[in-house]
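Shown next, in structure tokens, is the structure this report addresses.
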Amino acid sequence: RKEVEQDPGPFNVPEGATVAFNCTYSNSASQSFFWYRQDCRKEPKLLMSVYSSGNEDGRFTAQLNRASQYISLLIRDSKLSDSATYLCVALIQGAQKLVFGQGTRLTINP
Amino acid sequence: EPEVTQTPSHQVTQMGQEVILRCVPISNHLYFYWYRQILGQKVEFLVSFYNNEISEKSEIFDDQFSVERPDGSNFTLKIRSTKLEDSAMYFCARETSGTYEQYFGPGTRLTVT
């Protein structure tokens, strides 16, 4: 079983739509969670950390459910510039290493 | 502004040759990481480096790989005898102390022919 699993997509949605990504993790030693975005052939860029209470940053909302080992990202009022691959990432406690999911490809259409 | 810079941006080498990839942090940090991403695949952890020592390494990080911080500034990844399957993007990352958040450099694309 993959340590961090995501639906690879692709997701094609119209500009202005709301889109949600889900992610599951299997390693109970996962300590912290993040969403990164990656543009084609570029480095992963930290979008937001994910907290148990849920957190919001502008149009982006992240949720963590430790009991279900489930993480989500919601993007409201999507923009063309949101087109990218979204990476669900877990930090393994003690090792301080990031474990990445395969990524979900999102394309926002005009 | 990048958190770290990496050189070169692209390296082409022949199989069996040694390569050194460099990472230069913008400011002084203690935690550094190397990751790689083979084209079309997920980002994979290679090694973490804390206070000038390896703190964790993956199964990928075998005897062909080494890391060091020779001058207290540059952080290098050396591959002694490259294989075709070493072709990938190699990312250096640094951690903001206390947050567990890692910020990635722009990467070095390594092509082994």
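Ligands are numbered from 1 in the order shown, residues from 1 within each chain, and chains are lettered A, B, ... in the order they appear in the structure tokens.
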> Mind listing as a ChimeraX atom specification which residues of chain B are within 9 Å of chain A, counting only C-alpha atoms?
Replying inline: /B:33,39,41-48,55-57,89,91,100-107
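Contact shell of segment 9-15 of chain B at 10 Å (only C-alpha atoms; same-chain neighbours under 2 positions omitted): Thr5, Gln6, Thr7, Gln17, Glu18, Val19, Ile20, Leu21, Arg22, Ser81, Thr82, Lys83, Leu84, Glu85, Asp86, Ser87, Met89, Tyr90, Pro106, Gly107, Thr108, Arg109, Leu110, Thr111, Val112 and Thr113 of chain B.
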> Counting only C-alpha atoms, which of B:Ala88, B:Ala93, B:Ile79, B:Val4 gets nearest to Phe49 of chain B?
Replying inline: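 Between B:Ala88, B:Ala93, B:Ile79, B:Val4, the residue approaching Phe49 of chain B most closely is B:Ala93.
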Strand (DSSP E or B) positions in chain B, given as a PDB file with N, CA, C and O atoms, in the first residue's frame:
ATOM      1  N   VAL B   4      16.767  28.446  -1.517  1.00  0.00           N
ATOM      2  CA  VAL B   4      18.114  27.947  -1.768  1.00  0.00           C
ATOM      3  C   VAL B   4      18.355  28.056  -3.270  1.00  0.00           C
ATOM      4  O   VAL B   4      17.415  28.095  -4.050  1.00  0.00           O
ATOM      5  N   THR B   5      19.597  28.141  -3.653  1.00  0.00           N
ATOM      6  CA  THR B   5      19.940  28.082  -5.066  1.00  0.00           C
ATOM      7  C   THR B   5      20.663  26.770  -5.320  1.00  0.00           C
ATOM      8  O   THR B   5      21.303  26.220  -4.410  1.00  0.00           O
ATOM      9  N   GLN B   6      20.537  26.271  -6.535  1.00  0.00           N
ATOM     10  CA  GLN B   6      21.174  25.016  -6.889  1.00  0.00           C
ATOM     11  C   GLN B   6      21.940  25.191  -8.189  1.00  0.00           C
ATOM     12  O   GLN B   6      21.484  25.873  -9.102  1.00  0.00           O
ATOM     13  N   THR B   7      23.101  24.566  -8.241  1.00  0.00           N
ATOM     14  CA  THR B   7      23.895  24.583  -9.468  1.00  0.00           C
ATOM     15  C   THR B   7      24.431  23.182  -9.750  1.00  0.00           C
ATOM     16  O   THR B   7      24.712  22.421  -8.808  1.00  0.00           O
ATOM     17  N   HIS B  10      21.250  22.250 -15.117  1.00  0.00           N
ATOM     18  CA  HIS B  10      21.152  21.045 -15.926  1.00  0.00           C
ATOM     19  C   HIS B  10      22.559  20.464 -16.095  1.00  0.00           C
ATOM     20  O   HIS B  10      23.508  21.193 -16.385  1.00  0.00           O
ATOM     21  N   GLN B  11      22.674  19.162 -15.853  1.00  0.00           N
ATOM     22  CA  GLN B  11      23.949  18.476 -15.989  1.00  0.00           C
ATOM     23  C   GLN B  11      23.739  17.243 -16.857  1.00  0.00           C
ATOM     24  O   GLN B  11      22.869  16.418 -16.577  1.00  0.00           O
ATOM     25  N   VAL B  12      24.563  17.159 -17.891  1.00  0.00           N
ATOM     26  CA  VAL B  12      24.539  15.954 -18.722  1.00  0.00           C
ATOM     27  C   VAL B  12      25.856  15.229 -18.502  1.00  0.00           C
ATOM     28  O   VAL B  12      26.920  15.837 -18.556  1.00  0.00           O
ATOM     29  N   THR B  13      25.792  13.946 -18.239  1.00  0.00           N
ATOM     30  CA  THR B  13      26.999  13.184 -17.961  1.00  0.00           C
ATOM     31  C   THR B  13      26.892  11.800 -18.571  1.00  0.00           C
ATOM     32  O   THR B  13      25.787  11.323 -18.855  1.00  0.00           O
ATOM     33  N   VAL B  19      29.334  12.903 -10.566  1.00  0.00           N
ATOM     34  CA  VAL B  19      28.741  14.240 -10.632  1.00  0.00           C
ATOM     35  C   VAL B  19      28.610  14.805  -9.225  1.00  0.00           C
ATOM     36  O   VAL B  19      28.438  14.056  -8.258  1.00  0.00           O
ATOM     37  N   ILE B  20      28.713  16.117  -9.141  1.00  0.00           N
ATOM     38  CA  ILE B  20      28.504  16.811  -7.872  1.00  0.00           C
ATOM     39  C   ILE B  20      27.453  17.876  -8.097  1.00  0.00           C
ATOM     40  O   ILE B  20      27.617  18.752  -8.947  1.00  0.00           O
ATOM     41  N   LEU B  21      26.395  17.779  -7.330  1.00  0.00           N
ATOM     42  CA  LEU B  21      25.319  18.758  -7.396  1.00  0.00           C
ATOM     43  C   LEU B  21      25.425  19.653  -6.168  1.00  0.00           C
ATOM     44  O   LEU B  21      25.664  19.168  -5.060  1.00  0.00           O
ATOM     45  N   ARG B  22      25.227  20.947  -6.377  1.00  0.00           N
ATOM     46  CA  ARG B  22      25.445  21.908  -5.286  1.00  0.00           C
ATOM     47  C   ARG B  22      24.181  22.657  -4.891  1.00  0.00           C
ATOM     48  O   ARG B  22      23.351  22.993  -5.731  1.00  0.00           O
ATOM     49  N   CYS B  23      24.110  22.943  -3.621  1.00  0.00           N
ATOM     50  CA  CYS B  23      22.969  23.650  -3.045  1.00  0.00           C
ATOM     51  C   CYS B  23      23.551  24.741  -2.155  1.00  0.00           C
ATOM     52  O   CYS B  23      24.427  24.459  -1.325  1.00  0.00           O
ATOM     53  N   VAL B  24      23.062  25.964  -2.344  1.00  0.00           N
ATOM     54  CA  VAL B  24      23.589  27.070  -1.538  1.00  0.00           C
ATOM     55  C   VAL B  24      22.422  27.735  -0.823  1.00  0.00           C
ATOM     56  O   VAL B  24      21.547  28.321  -1.475  1.00  0.00           O
ATOM     57  N   PRO B  25      22.356  27.612   0.484  1.00  0.00           N
ATOM     58  CA  PRO B  25      21.255  28.256   1.207  1.00  0.00           C
ATOM     59  C   PRO B  25      21.408  29.773   1.217  1.00  0.00           C
ATOM     60  O   PRO B  25      22.524  30.283   1.234  1.00  0.00           O
ATOM     61  N   TYR B  31      19.162  22.353   8.932  1.00  0.00           N
ATOM     62  CA  TYR B  31      18.564  21.163   8.317  1.00  0.00           C
ATOM     63  C   TYR B  31      18.528  21.307   6.802  1.00  0.00           C
ATOM     64  O   TYR B  31      18.001  22.278   6.279  1.00  0.00           O
ATOM     65  N   PHE B  32      19.075  20.299   6.117  1.00  0.00           N
ATOM     66  CA  PHE B  32      19.023  20.263   4.662  1.00  0.00           C
ATOM     67  C   PHE B  32      18.592  18.878   4.209  1.00  0.00           C
ATOM     68  O   PHE B  32      18.801  17.894   4.916  1.00  0.00           O
ATOM     69  N   TYR B  33      18.037  18.839   3.030  1.00  0.00           N
ATOM     70  CA  TYR B  33      17.514  17.592   2.494  1.00  0.00           C
ATOM     71  C   TYR B  33      17.812  17.518   0.992  1.00  0.00           C
ATOM     72  O   TYR B  33      17.885  18.544   0.311  1.00  0.00           O
ATOM     73  N   TRP B  34      17.954  16.295   0.519  1.00  0.00           N
ATOM     74  CA  TRP B  34      17.984  16.047  -0.924  1.00  0.00           C
ATOM     75  C   TRP B  34      16.829  15.121  -1.267  1.00  0.00           C
ATOM     76  O   TRP B  34      16.591  14.116  -0.571  1.00  0.00           O
ATOM     77  N   TYR B  35      16.147  15.482  -2.348  1.00  0.00           N
ATOM     78  CA  TYR B  35      15.077  14.666  -2.898  1.00  0.00           C
ATOM     79  C   TYR B  35      15.348  14.503  -4.388  1.00  0.00           C
ATOM     80  O   TYR B  35      16.069  15.304  -4.986  1.00  0.00           O
ATOM     81  N   ARG B  36      14.752  13.486  -4.985  1.00  0.00           N
ATOM     82  CA  ARG B  36      14.842  13.380  -6.428  1.00  0.00           C
ATOM     83  C   ARG B  36      13.460  13.083  -6.992  1.00  0.00           C
ATOM     84  O   ARG B  36      12.580  12.578  -6.300  1.00  0.00           O
ATOM     85  N   GLN B  37      13.297  13.406  -8.270  1.00  0.00           N
ATOM     86  CA  GLN B  37      12.045  13.116  -8.949  1.00  0.00           C
ATOM     87  C   GLN B  37      12.365  12.645 -10.360  1.00  0.00           C
ATOM     88  O   GLN B  37      12.804  13.434 -11.205  1.00  0.00           O
ATOM     89  N   GLU B  44      10.870  11.770  -4.292  1.00  0.00           N
ATOM     90  CA  GLU B  44      11.346  10.753  -3.342  1.00  0.00           C
ATOM     91  C   GLU B  44      12.444  11.320  -2.451  1.00  0.00           C
ATOM     92  O   GLU B  44      13.372  11.971  -2.938  1.00  0.00           O
ATOM     93  N   PHE B  45      12.370  11.022  -1.175  1.00  0.00           N
ATOM     94  CA  PHE B  45      13.385  11.437  -0.215  1.00  0.00           C
ATOM     95  C   PHE B  45      14.681  10.656  -0.445  1.00  0.00           C
ATOM     96  O   PHE B  45      14.652   9.437  -0.671  1.00  0.00           O
ATOM     97  N   LEU B  46      15.798  11.355  -0.384  1.00  0.00           N
ATOM     98  CA  LEU B  46      17.105  10.697  -0.461  1.00  0.00           C
ATOM     99  C   LEU B  46      17.803  10.711   0.893  1.00  0.00           C
ATOM    100  O   LEU B  46      18.165   9.664   1.429  1.00  0.00           O
ATOM    101  N   VAL B  47      18.009  11.932   1.443  1.00  0.00           N
ATOM    102  CA  VAL B  47      18.827  12.032   2.637  1.00  0.00           C
ATOM    103  C   VAL B  47      18.525  13.330   3.368  1.00  0.00           C
ATOM    104  O   VAL B  47      18.140  14.325   2.750  1.00  0.00           O
ATOM    105  N   SER B  48      18.645  13.289   4.687  1.00  0.00           N
ATOM    106  CA  SER B  48      18.558  14.511   5.482  1.00  0.00           C
ATOM    107  C   SER B  48      19.892  14.730   6.187  1.00  0.00           C
ATOM    108  O   SER B  48      20.594  13.768   6.530  1.00  0.00           O
ATOM    109  N   PHE B  49      20.209  15.983   6.400  1.00  0.00           N
ATOM    110  CA  PHE B  49      21.531  16.376   6.874  1.00  0.00           C
ATOM    111  C   PHE B  49      21.327  17.430   7.936  1.00  0.00           C
ATOM    112  O   PHE B  49      20.741  18.486   7.689  1.00  0.00           O
ATOM    113  N   TYR B  50      21.770  17.126   9.147  1.00  0.00           N
ATOM    114  CA  TYR B  50      21.559  18.064  10.249  1.00  0.00           C
ATOM    115  C   TYR B  50      22.874  18.309  10.953  1.00  0.00           C
ATOM    116  O   TYR B  50      23.577  17.358  11.322  1.00  0.00           O
ATOM    117  N   GLU B  53      25.886  16.430   9.688  1.00  0.00           N
ATOM    118  CA  GLU B  53      25.889  14.963   9.695  1.00  0.00           C
ATOM    119  C   GLU B  53      24.626  14.435   9.035  1.00  0.00           C
ATOM    120  O   GLU B  53      23.578  15.085   9.100  1.00  0.00           O
ATOM    121  N   ILE B  54      24.735  13.245   8.439  1.00  0.00           N
ATOM    122  CA  ILE B  54      23.542  12.600   7.902  1.00  0.00           C
ATOM    123  C   ILE B  54      22.670  12.153   9.072  1.00  0.00           C
ATOM    124  O   ILE B  54      23.146  11.493   9.997  1.00  0.00           O
ATOM    125  N   SER B  55      21.383  12.528   9.039  1.00  0.00           N
ATOM    126  CA  SER B  55      20.494  12.099  10.117  1.00  0.00           C
ATOM    127  C   SER B  55      19.557  10.982   9.653  1.00  0.00           C
ATOM    128  O   SER B  55      19.104  10.183  10.467  1.00  0.00           O
ATOM    129  N   GLU B  56      19.272  10.919   8.368  1.00  0.00           N
ATOM    130  CA  GLU B  56      18.388   9.873   7.848  1.00  0.00           C
ATOM    131  C   GLU B  56      18.688   9.695   6.372  1.00  0.00           C
ATOM    132  O   GLU B  56      18.969  10.669   5.677  1.00  0.00           O
ATOM    133  N   LYS B  57      18.621   8.463   5.900  1.00  0.00           N
ATOM    134  CA  LYS B  57      18.774   8.239   4.459  1.00  0.00           C
ATOM    135  C   LYS B  57      17.836   7.130   4.000  1.00  0.00           C
ATOM    136  O   LYS B  57      17.468   6.253   4.782  1.00  0.00           O
ATOM    137  N   PHE B  65      26.157   7.275  -3.373  1.00  0.00           N
ATOM    138  CA  PHE B  65      25.792   8.642  -3.023  1.00  0.00           C
ATOM    139  C   PHE B  65      26.555   9.094  -1.778  1.00  0.00           C
ATOM    140  O   PHE B  65      26.828   8.297  -0.874  1.00  0.00           O
ATOM    141  N   SER B  66      26.854  10.386  -1.729  1.00  0.00           N
ATOM    142  CA  SER B  66      27.395  10.965  -0.507  1.00  0.00           C
ATOM    143  C   SER B  66      26.984  12.433  -0.448  1.00  0.00           C
ATOM    144  O   SER B  66      26.684  13.046  -1.477  1.00  0.00           O
ATOM    145  N   VAL B  67      26.935  12.960   0.759  1.00  0.00           N
ATOM    146  CA  VAL B  67      26.630  14.377   0.939  1.00  0.00           C
ATOM    147  C   VAL B  67      27.667  14.971   1.873  1.00  0.00           C
ATOM    148  O   VAL B  67      28.209  14.287   2.744  1.00  0.00           O
ATOM    149  N   GLU B  68      27.927  16.255   1.681  1.00  0.00           N
ATOM    150  CA  GLU B  68      28.793  16.949   2.616  1.00  0.00           C
ATOM    151  C   GLU B  68      28.559  18.448   2.499  1.00  0.00           C
ATOM    152  O   GLU B  68      27.904  18.933   1.577  1.00  0.00           O
ATOM    153  N   PHE B  75      26.187  22.900   0.127  1.00  0.00           N
ATOM    154  CA  PHE B  75      25.768  21.569   0.541  1.00  0.00           C
ATOM    155  C   PHE B  75      25.757  20.732  -0.724  1.00  0.00           C
ATOM    156  O   PHE B  75      25.090  21.097  -1.695  1.00  0.00           O
ATOM    157  N   THR B  76      26.558  19.674  -0.784  1.00  0.00           N
ATOM    158  CA  THR B  76      26.722  18.966  -2.046  1.00  0.00           C
ATOM    159  C   THR B  76      26.185  17.539  -1.970  1.00  0.00           C
ATOM    160  O   THR B  76      26.214  16.901  -0.904  1.00  0.00           O
ATOM    161  N   LEU B  77      25.716  17.069  -3.117  1.00  0.00           N
ATOM    162  CA  LEU B  77      25.339  15.674  -3.309  1.00  0.00           C
ATOM    163  C   LEU B  77      26.252  15.122  -4.401  1.00  0.00           C
ATOM    164  O   LEU B  77      26.308  15.674  -5.496  1.00  0.00           O
ATOM    165  N   LYS B  78      26.975  14.056  -4.071  1.00  0.00           N
ATOM    166  CA  LYS B  78      27.877  13.451  -5.039  1.00  0.00           C
ATOM    167  C   LYS B  78      27.347  12.079  -5.414  1.00  0.00           C
ATOM    168  O   LYS B  78      26.952  11.295  -4.536  1.00  0.00           O
ATOM    169  N   ILE B  79      27.343  11.809  -6.707  1.00  0.00           N
ATOM    170  CA  ILE B  79      27.043  10.456  -7.202  1.00  0.00           C
ATOM    171  C   ILE B  79      28.324   9.964  -7.841  1.00  0.00           C
ATOM    172  O   ILE B  79      28.823  10.562  -8.807  1.00  0.00           O
ATOM    173  N   ALA B  88      17.225  12.248 -13.400  1.00  0.00           N
ATOM    174  CA  ALA B  88      16.104  12.752 -12.600  1.00  0.00           C
ATOM    175  C   ALA B  88      16.333  14.227 -12.310  1.00  0.00           C
ATOM    176  O   ALA B  88      17.401  14.773 -12.602  1.00  0.00           O
ATOM    177  N   MET B  89      15.311  14.854 -11.703  1.00  0.00           N
ATOM    178  CA  MET B  89      15.499  16.178 -11.093  1.00  0.00           C
ATOM    179  C   MET B  89      15.918  15.936  -9.656  1.00  0.00           C
ATOM    180  O   MET B  89      15.326  15.121  -8.953  1.00  0.00           O
ATOM    181  N   TYR B  90      16.942  16.649  -9.218  1.00  0.00           N
ATOM    182  CA  TYR B  90      17.409  16.554  -7.843  1.00  0.00           C
ATOM    183  C   TYR B  90      17.135  17.893  -7.152  1.00  0.00           C
ATOM    184  O   TYR B  90      17.593  18.947  -7.606  1.00  0.00           O
ATOM    185  N   PHE B  91      16.375  17.824  -6.077  1.00  0.00           N
ATOM    186  CA  PHE B  91      15.997  19.024  -5.343  1.00  0.00           C
ATOM    187  C   PHE B  91      16.673  19.051  -3.980  1.00  0.00           C
ATOM    188  O   PHE B  91      16.658  18.051  -3.253  1.00  0.00           O
ATOM    189  N   CYS B  92      17.202  20.198  -3.659  1.00  0.00           N
ATOM    190  CA  CYS B  92      17.690  20.464  -2.315  1.00  0.00           C
ATOM    191  C   CYS B  92      16.578  21.197  -1.572  1.00  0.00           C
ATOM    192  O   CYS B  92      15.841  21.995  -2.175  1.00  0.00           O
ATOM    193  N   ALA B  93      16.426  20.940  -0.308  1.00  0.00           N
ATOM    194  CA  ALA B  93      15.424  21.638   0.490  1.00  0.00           C
ATOM    195  C   ALA B  93      16.026  22.022   1.833  1.00  0.00           C
ATOM    196  O   ALA B  93      16.944  21.360   2.330  1.00  0.00           O
ATOM    197  N   ARG B  94      15.510  23.084   2.394  1.00  0.00           N
ATOM    198  CA  ARG B  94      15.914  23.465   3.737  1.00  0.00           C
ATOM    199  C   ARG B  94      14.656  23.616   4.584  1.00  0.00           C
ATOM    200  O   ARG B  94      13.573  23.858   4.068  1.00  0.00           O
ATOM    201  N   GLU B  95      14.834  23.455   5.867  1.00  0.00           N
ATOM    202  CA  GLU B  95      13.701  23.492   6.769  1.00  0.00           C
ATOM    203  C   GLU B  95      13.729  24.753   7.616  1.00  0.00           C
ATOM    204  O   GLU B  95      14.792  25.139   8.110  1.00  0.00           O
ATOM    205  N   GLN B 102       9.365  22.532   4.745  1.00  0.00           N
ATOM    206  CA  GLN B 102      10.550  22.442   3.897  1.00  0.00           C
ATOM    207  C   GLN B 102      10.329  23.226   2.620  1.00  0.00           C
ATOM    208  O   GLN B 102       9.271  23.124   1.986  1.00  0.00           O
ATOM    209  N   TYR B 103      11.357  23.974   2.250  1.00  0.00           N
ATOM    210  CA  TYR B 103      11.308  24.818   1.065  1.00  0.00           C
ATOM    211  C   TYR B 103      12.366  24.330   0.082  1.00  0.00           C
ATOM    212  O   TYR B 103      13.529  24.137   0.450  1.00  0.00           O
ATOM    213  N   PHE B 104      11.935  24.171  -1.156  1.00  0.00           N
ATOM    214  CA  PHE B 104      12.763  23.523  -2.163  1.00  0.00           C
ATOM    215  C   PHE B 104      13.481  24.522  -3.046  1.00  0.00           C
ATOM    216  O   PHE B 104      12.956  25.601  -3.364  1.00  0.00           O
ATOM    217  N   THR B 108      18.218  20.560  -9.928  1.00  0.00           N
ATOM    218  CA  THR B 108      19.193  20.279 -10.982  1.00  0.00           C
ATOM    219  C   THR B 108      18.667  19.101 -11.781  1.00  0.00           C
ATOM    220  O   THR B 108      18.349  18.051 -11.207  1.00  0.00           O
ATOM    221  N   ARG B 109      18.556  19.291 -13.099  1.00  0.00           N
ATOM    222  CA  ARG B 109      18.144  18.177 -13.946  1.00  0.00           C
ATOM    223  C   ARG B 109      19.394  17.407 -14.344  1.00  0.00           C
ATOM    224  O   ARG B 109      20.294  17.955 -14.979  1.00  0.00           O
ATOM    225  N   LEU B 110      19.465  16.164 -13.932  1.00  0.00           N
ATOM    226  CA  LEU B 110      20.605  15.316 -14.273  1.00  0.00           C
ATOM    227  C   LEU B 110      20.191  14.356 -15.373  1.00  0.00           C
ATOM    228  O   LEU B 110      19.196  13.644 -15.228  1.00  0.00           O
ATOM    229  N   THR B 111      20.956  14.371 -16.451  1.00  0.00           N
ATOM    230  CA  THR B 111      20.712  13.449 -17.555  1.00  0.00           C
ATOM    231  C   THR B 111      21.948  12.581 -17.714  1.00  0.00           C
ATOM    232  O   THR B 111      23.049  13.084 -17.947  1.00  0.00           O
ATOM    233  N   VAL B 112      21.767  11.283 -17.571  1.00  0.00           N
ATOM    234  CA  VAL B 112      22.864  10.328 -17.722  1.00  0.00           C
ATOM    235  C   VAL B 112      22.683   9.604 -19.052  1.00  0.00           C
ATOM    236  O   VAL B 112      21.624   9.020 -19.309  1.00  0.00           O
TER     237      VAL B 112
END
> Any idea what's packed within 9 Å of Thr107 of chain A, counting only C-alpha atoms, ignoring anything in its chain fewer than 6 positions away? Could you give it as a count of residues only?
Replying inline: 10
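What separates atom CA of Asn109 of chain A from atom CA of Gly16 of chain A is a distance of 9.3 Å.
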> Which polymer residues have any atom within 9 Å of an atom of Ala62 of chain A, counting only C-alpha atoms, with same-chain residues fewer than 5 positions away left out, as a ChimeraX atom specification?
Replying inline: /A:34-35,48-51,54-57,71-74
>> Between A:Ile92, A:Leu106, A:Ser30, A:Val19, which residue has the minimum interatomic distance to Thr61 of chain A, considering only C-alpha atoms?
In response: A:Val19
Mind checking which residues fall within 8 Å of Glu3 of chain A, counting only C-alpha atoms, ignoring those fewer than 2 positions away in the same chain, and posting them as a compact mmCIF listing (two decimals) with C-alpha atoms, in the first residue's frame?
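Dumped everything to around_10.txt:
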# COMPACT_ATOMS: atom_id res chain seq x y z
CA ARG A 1 0.00 0.00 0.00
CA GLU A 5 -2.24 8.05 -1.92
CA TYR A 25 -1.96 8.14 4.34
CA SER A 26 -1.04 4.78 5.80
CA ASN A 27 1.88 5.48 8.13
CA VAL A 99 6.73 11.44 1.88
CA GLY A 101 1.89 11.40 -2.97
> To one decimal place, how far is atom CA of Ser73 of chain B from atom CA of Asn51 of chain B in Å?
Replying inline: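 For atom CA of Ser73 of chain B relative to atom CA of Asn51 of chain B, the distance reads 11.7 Å.
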>> As an exercise, work out the distance from atom CA of Asp7 of chain A to atom CA of Arg76 of chain A in Å and give it to one decimal place.
In response: 18.9 Å
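With only C-alpha atoms as the atoms that count, the minimum distance from Leu64 of chain A to the choices A:Asn22, A:Lys79, A:Ser28, A:Lys2 is reached by A:Asn22.
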